[in-house]
Amino acid sequence: MTAPSPFRLVALRPEDAHLWLDPAVHTYVTAMNYPRSTEAHRIPLWRDHIARQGWFAVGAVTRVSTMDALRPGLSRLRIDRLTGGEREILVGVAYGYHGARDQWWNQQLRSGLRRAGRSPDEITAVTADYFELTELHVHPLAQGRGIGERLLTALLADRPESTVLLSTPEVPYEENRAWALYRRLGFTDVLRRFTFVGDPRPFAFLGRSLPLATSPESVSRR
Ligand SMILES: CC(C)(COP(=O)(O)OP(=O)(O)OC[C@H]1O[C@@H](n2cnc3c(N)ncnc32)[C@H](O)[C@@H]1OP(=O)(O)O)[C@@H](O)C(=O)NCCC(=O)NCCS
């Protein structure tokens, strides 16, 4: 692919999900290097998340050449019908929502904290009022250009919650771009080496207080 033109951020709205959900899940599966079959399971789950209180999503888009727009891998990312731009593709997505006790992720976190010996008061303090950063992914063709940080900063701007929490796979020496980004933005350990029910991989829960010090760029409606 030829070098992409500059990237801009757009709001991904619930009412437009039919225009961005497929490219967004495609970006996610490609970024995580998951099997393509994962897409079919994720689409209904992401739809379910869209309905949750405080849900908000931001996408990163860029314009590609006529040739690139026709390539099978990239044509799945086309998002021109949402943005109205010419040959634009979605190369990054971030979303999250207000955390609540009836959510599976919240229950997993609380049970992990209990097993780690944290007191009920401590667990309440951690989980009382947070924004869950559920997904943050940049397509490999656009990684390493600061887009993940721009997405995350824009997503966390103007949140009413006092903290943000996330989970990310443990990696040796915290050596990947996700860990580097979270540490750079001041995320600290909440719980380490946790295994979710149904997934043998160890995960870390990280968190930080809101707001972030960094000022976010504006997110266009289109
Ligand atoms: C984790 C992830 C979202 C981070 O997004 P990213 O856009 O790749 O990374 P960042 O926003 O942190 O950008 C950092 C890089 O951009 C570079 N950068 C920053 N600003 C830049 C700019 N204006 N122009 C060019 N490059 C820039 C930095 O030098 C840094 O490069 P380096 O990592 O080679 O040192 C992304 O790598 C990804 O999707 N990874 C796979 C999926 C994943 O792990 N998701 C998170 C699961 S919890």
# chains A, B, ... in the order shown; residues from 1 in each chain; ligands from 1

$ closest_atom_pairs --of "chain A" --to "ligand 1" --cutoff "7 Å" --atoms "only C-alpha atoms and all ligand atoms" --output "Markdown table"
| residue | atom | partner | partner_atom_place_in_ligand_line | distance |
| --- | --- | --- | --- | --- |
| A:Ala31 | CA | ligand 1 | 41 (C) | 4.5 |
| A:Met32 | CA | ligand 1 | 42 (C) | 4.7 |
| A:Glu135 | CA | ligand 1 | 48 (S) | 6.6 |
| A:Leu136 | CA | ligand 1 | 3 (C) | 5.1 |
| A:His137 | CA | ligand 1 | 39 (O) | 3.4 |
| A:Val138 | CA | ligand 1 | 39 (O) | 3.7 |
| A:His139 | CA | ligand 1 | 39 (O) | 6.0 |
| A:Pro140 | CA | ligand 1 | 39 (O) | 7.0 |
| A:Ala142 | CA | ligand 1 | 7 (O) | 6.7 |
| A:Gln143 | CA | ligand 1 | 8 (O) | 3.5 |
| A:Gly144 | CA | ligand 1 | 16 (O) | 3.6 |
| A:Arg145 | CA | ligand 1 | 26 (N) | 3.2 |
| A:Gly146 | CA | ligand 1 | 11 (O) | 3.2 |
| A:Ile147 | CA | ligand 1 | 7 (O) | 3.8 |
| A:Gly148 | CA | ligand 1 | 5 (O) | 3.3 |
| A:Glu149 | CA | ligand 1 | 11 (O) | 3.8 |
| A:Arg150 | CA | ligand 1 | 11 (O) | 6.3 |
| A:Ser167 | CA | ligand 1 | 48 (S) | 6.2 |
| A:Thr168 | CA | ligand 1 | 48 (S) | 4.1 |
| A:Pro169 | CA | ligand 1 | 48 (S) | 6.6 |
| A:Arg177 | CA | ligand 1 | 1 (C) | 4.8 |
| A:Ala178 | CA | ligand 1 | 1 (C) | 3.5 |
| A:Ala180 | CA | ligand 1 | 12 (O) | 6.6 |
| A:Leu181 | CA | ligand 1 | 12 (O) | 4.5 |

$ residues_around --residues "Ser218 (chain A)" --least-positions-apart "4" --cutoff "9 Å" --atoms "only C-alpha atoms" --output "list of chain:residue names"
A:Leu9, A:Val10, A:Ala154

$ write_last_selection --atoms "C-alpha atoms" --output "short mmCIF file (atom, residue, chain, number, x, y, z; two decimals), in the first residue's frame"
data_model
loop_
_atom_site.label_atom_id
_atom_site.label_comp_id
_atom_site.auth_asym_id
_atom_site.auth_seq_id
_atom_site.Cartn_x
_atom_site.Cartn_y
_atom_site.Cartn_z
CA LEU A 9 -10.78 11.26 14.03
CA VAL A 10 -14.52 10.79 13.57
CA ALA A 154 -10.28 11.80 22.41
#

$ select_by_dssp --residues "region 76-138 of chain A" --states "alpha helix (DSSP H)" --output "JSON, numbers by chain"
{"A": [80, 81, 82, 83, 104, 105, 106, 107, 108, 109, 110, 111, 112, 113, 114, 115, 120, 121, 122, 123, 124, 125, 126, 127]}

$ residues_around --residues "region 127-131 of chain A" --least-positions-apart "4" --cutoff "7 Å" --atoms "only C-alpha atoms" --output "ChimeraX atom specification"
/A:96-99,123,161-165

$ residues_around --residues "Leu191 (chain A)" --least-positions-apart "4" --cutoff "12 Å" --atoms "only C-alpha atoms" --output "mmCIF file with N, CA and C atoms, in the first residue's frame"
data_model
loop_
_atom_site.group_PDB
_atom_site.id
_atom_site.type_symbol
_atom_site.label_atom_id
_atom_site.label_comp_id
_atom_site.auth_asym_id
_atom_site.auth_seq_id
_atom_site.Cartn_x
_atom_site.Cartn_y
_atom_site.Cartn_z
ATOM 1 N N GLN A 108 -16.005 -10.021 36.832
ATOM 2 C CA GLN A 108 -14.704 -10.690 36.772
ATOM 3 C C GLN A 108 -13.663 -9.898 37.569
ATOM 4 N N LEU A 109 -13.673 -8.591 37.393
ATOM 5 C CA LEU A 109 -12.705 -7.743 38.106
ATOM 6 C C LEU A 109 -12.918 -7.837 39.611
ATOM 7 N N ARG A 110 -14.189 -7.743 40.045
ATOM 8 C CA ARG A 110 -14.436 -7.786 41.489
ATOM 9 C C ARG A 110 -14.035 -9.133 42.074
ATOM 10 N N SER A 111 -14.318 -10.245 41.339
ATOM 11 C CA SER A 111 -13.938 -11.550 41.887
ATOM 12 C C SER A 111 -12.415 -11.680 41.924
ATOM 13 N N GLY A 112 -11.735 -11.118 40.930
ATOM 14 C CA GLY A 112 -10.267 -11.146 40.937
ATOM 15 C C GLY A 112 -9.699 -10.361 42.108
ATOM 16 N N LEU A 113 -10.276 -9.207 42.375
ATOM 17 C CA LEU A 113 -9.797 -8.380 43.493
ATOM 18 C C LEU A 113 -10.040 -9.084 44.830
ATOM 19 N N ARG A 114 -11.209 -9.752 44.933
ATOM 20 C CA ARG A 114 -11.508 -10.506 46.160
ATOM 21 C C ARG A 114 -10.462 -11.590 46.377
ATOM 22 N N ARG A 115 -10.185 -12.353 45.289
ATOM 23 C CA ARG A 115 -9.215 -13.448 45.406
ATOM 24 C C ARG A 115 -7.810 -12.936 45.703
ATOM 25 N N ALA A 116 -7.541 -11.699 45.301
ATOM 26 C CA ALA A 116 -6.221 -11.102 45.593
ATOM 27 C C ALA A 116 -6.178 -10.539 47.013
ATOM 28 N N GLY A 117 -7.274 -10.717 47.778
ATOM 29 C CA GLY A 117 -7.273 -10.319 49.188
ATOM 30 C C GLY A 117 -7.671 -8.882 49.445
ATOM 31 N N ARG A 118 -8.231 -8.199 48.436
ATOM 32 C CA ARG A 118 -8.631 -6.806 48.646
ATOM 33 C C ARG A 118 -9.927 -6.757 49.450
ATOM 34 N N ILE A 123 -12.561 -2.767 47.070
ATOM 35 C CA ILE A 123 -13.156 -3.190 45.804
ATOM 36 C C ILE A 123 -14.212 -2.178 45.356
ATOM 37 N N VAL A 126 -12.550 0.888 43.925
ATOM 38 C CA VAL A 126 -12.006 0.714 42.564
ATOM 39 C C VAL A 126 -13.132 0.707 41.530
ATOM 40 N N LEU A 165 -10.776 2.307 33.564
ATOM 41 C CA LEU A 165 -10.185 0.989 33.782
ATOM 42 C C LEU A 165 -10.147 0.246 32.459
ATOM 43 N N LEU A 166 -9.174 -0.651 32.307
ATOM 44 C CA LEU A 166 -9.077 -1.481 31.106
ATOM 45 C C LEU A 166 -8.420 -2.794 31.471
ATOM 46 N N SER A 167 -8.525 -3.776 30.581
ATOM 47 C CA SER A 167 -7.750 -5.009 30.733
ATOM 48 C C SER A 167 -6.983 -5.242 29.444
ATOM 49 N N THR A 168 -5.779 -5.761 29.593
ATOM 50 C CA THR A 168 -4.924 -6.006 28.426
ATOM 51 C C THR A 168 -4.095 -7.258 28.689
ATOM 52 N N PRO A 169 -3.812 -8.053 27.634
ATOM 53 C CA PRO A 169 -3.021 -9.271 27.875
ATOM 54 C C PRO A 169 -1.655 -8.939 28.455
ATOM 55 N N GLU A 170 -1.230 -9.779 29.402
ATOM 56 C CA GLU A 170 0.127 -9.645 29.942
ATOM 57 C C GLU A 170 1.114 -10.011 28.835
ATOM 58 N N PHE A 187 -1.336 5.063 33.285
ATOM 59 C CA PHE A 187 -2.115 3.947 33.842
ATOM 60 C C PHE A 187 -1.237 3.135 34.790
ATOM 61 N N THR A 195 -6.865 -14.346 35.088
ATOM 62 C CA THR A 195 -7.407 -15.089 33.935
ATOM 63 C C THR A 195 -8.930 -15.006 33.945
ATOM 64 N N PRO A 202 -3.172 -14.866 30.725
ATOM 65 C CA PRO A 202 -3.187 -13.898 31.835
ATOM 66 C C PRO A 202 -3.393 -12.472 31.326
ATOM 67 N N PHE A 203 -4.184 -11.710 32.048
ATOM 68 C CA PHE A 203 -4.461 -10.305 31.725
ATOM 69 C C PHE A 203 -4.090 -9.423 32.904
ATOM 70 N N ALA A 204 -3.846 -8.165 32.597
ATOM 71 C CA ALA A 204 -3.674 -7.144 33.635
ATOM 72 C C ALA A 204 -4.849 -6.186 33.562
ATOM 73 N N PHE A 205 -5.336 -5.762 34.723
ATOM 74 C CA PHE A 205 -6.261 -4.632 34.799
ATOM 75 C C PHE A 205 -5.421 -3.412 35.162
ATOM 76 N N LEU A 206 -5.607 -2.343 34.390
ATOM 77 C CA LEU A 206 -4.895 -1.089 34.651
ATOM 78 C C LEU A 206 -5.915 0.023 34.790
ATOM 79 N N GLY A 207 -5.519 1.095 35.453
ATOM 80 C CA GLY A 207 -6.453 2.208 35.597
ATOM 81 C C GLY A 207 -5.746 3.506 35.903
#

$ closest_residue --among "A:Leu156, A:Leu133, A:Leu19, A:Leu212" --to "Leu90 (chain A)" --atoms "only C-alpha atoms"
A:Leu19

$ closest_residue --among "A:Arg13, A:Arg201, A:Arg8, A:Arg71" --to "Ile50 (chain A)" --atoms "only C-alpha atoms"
A:Arg13

$ atom_distance --atom1 "CA of Gln107 (chain A)" --atom2 "CA of Asp189 (chain A)"
17.9 Å

$ atom_distance --atom1 "CA of Leu70 (chain A)" --atom2 "CA of Leu12 (chain A)"
23.5 Å

$ closest_residue --among "A:Arg222, A:Ala51, A:Ile79, A:Asp158" --to "Thr27 (chain A)" --atoms "only C-alpha atoms"
A:Ile79

$ residues_around --residues "region 42-46 of chain A" --least-positions-apart "2" --cutoff "10 Å" --atoms "only C-alpha atoms" --output "list in words"
Ala17, Leu21, Asp22, Ala24, Val25, His26, Tyr28, Val29, Ser37, Thr38, Glu39, Ala40, Asp48, His49, Ile50, Ala51, Tyr95, Thr134 and Glu135 of chain A

$ select_by_dssp --residues "region 2-178 of chain A" --states "strand (DSSP E)" --output "count of residues only"
39

$ atom_distance --atom1 "CA of Ser75 (chain A)" --atom2 "CA of Ser220 (chain A)"
22.5 Å
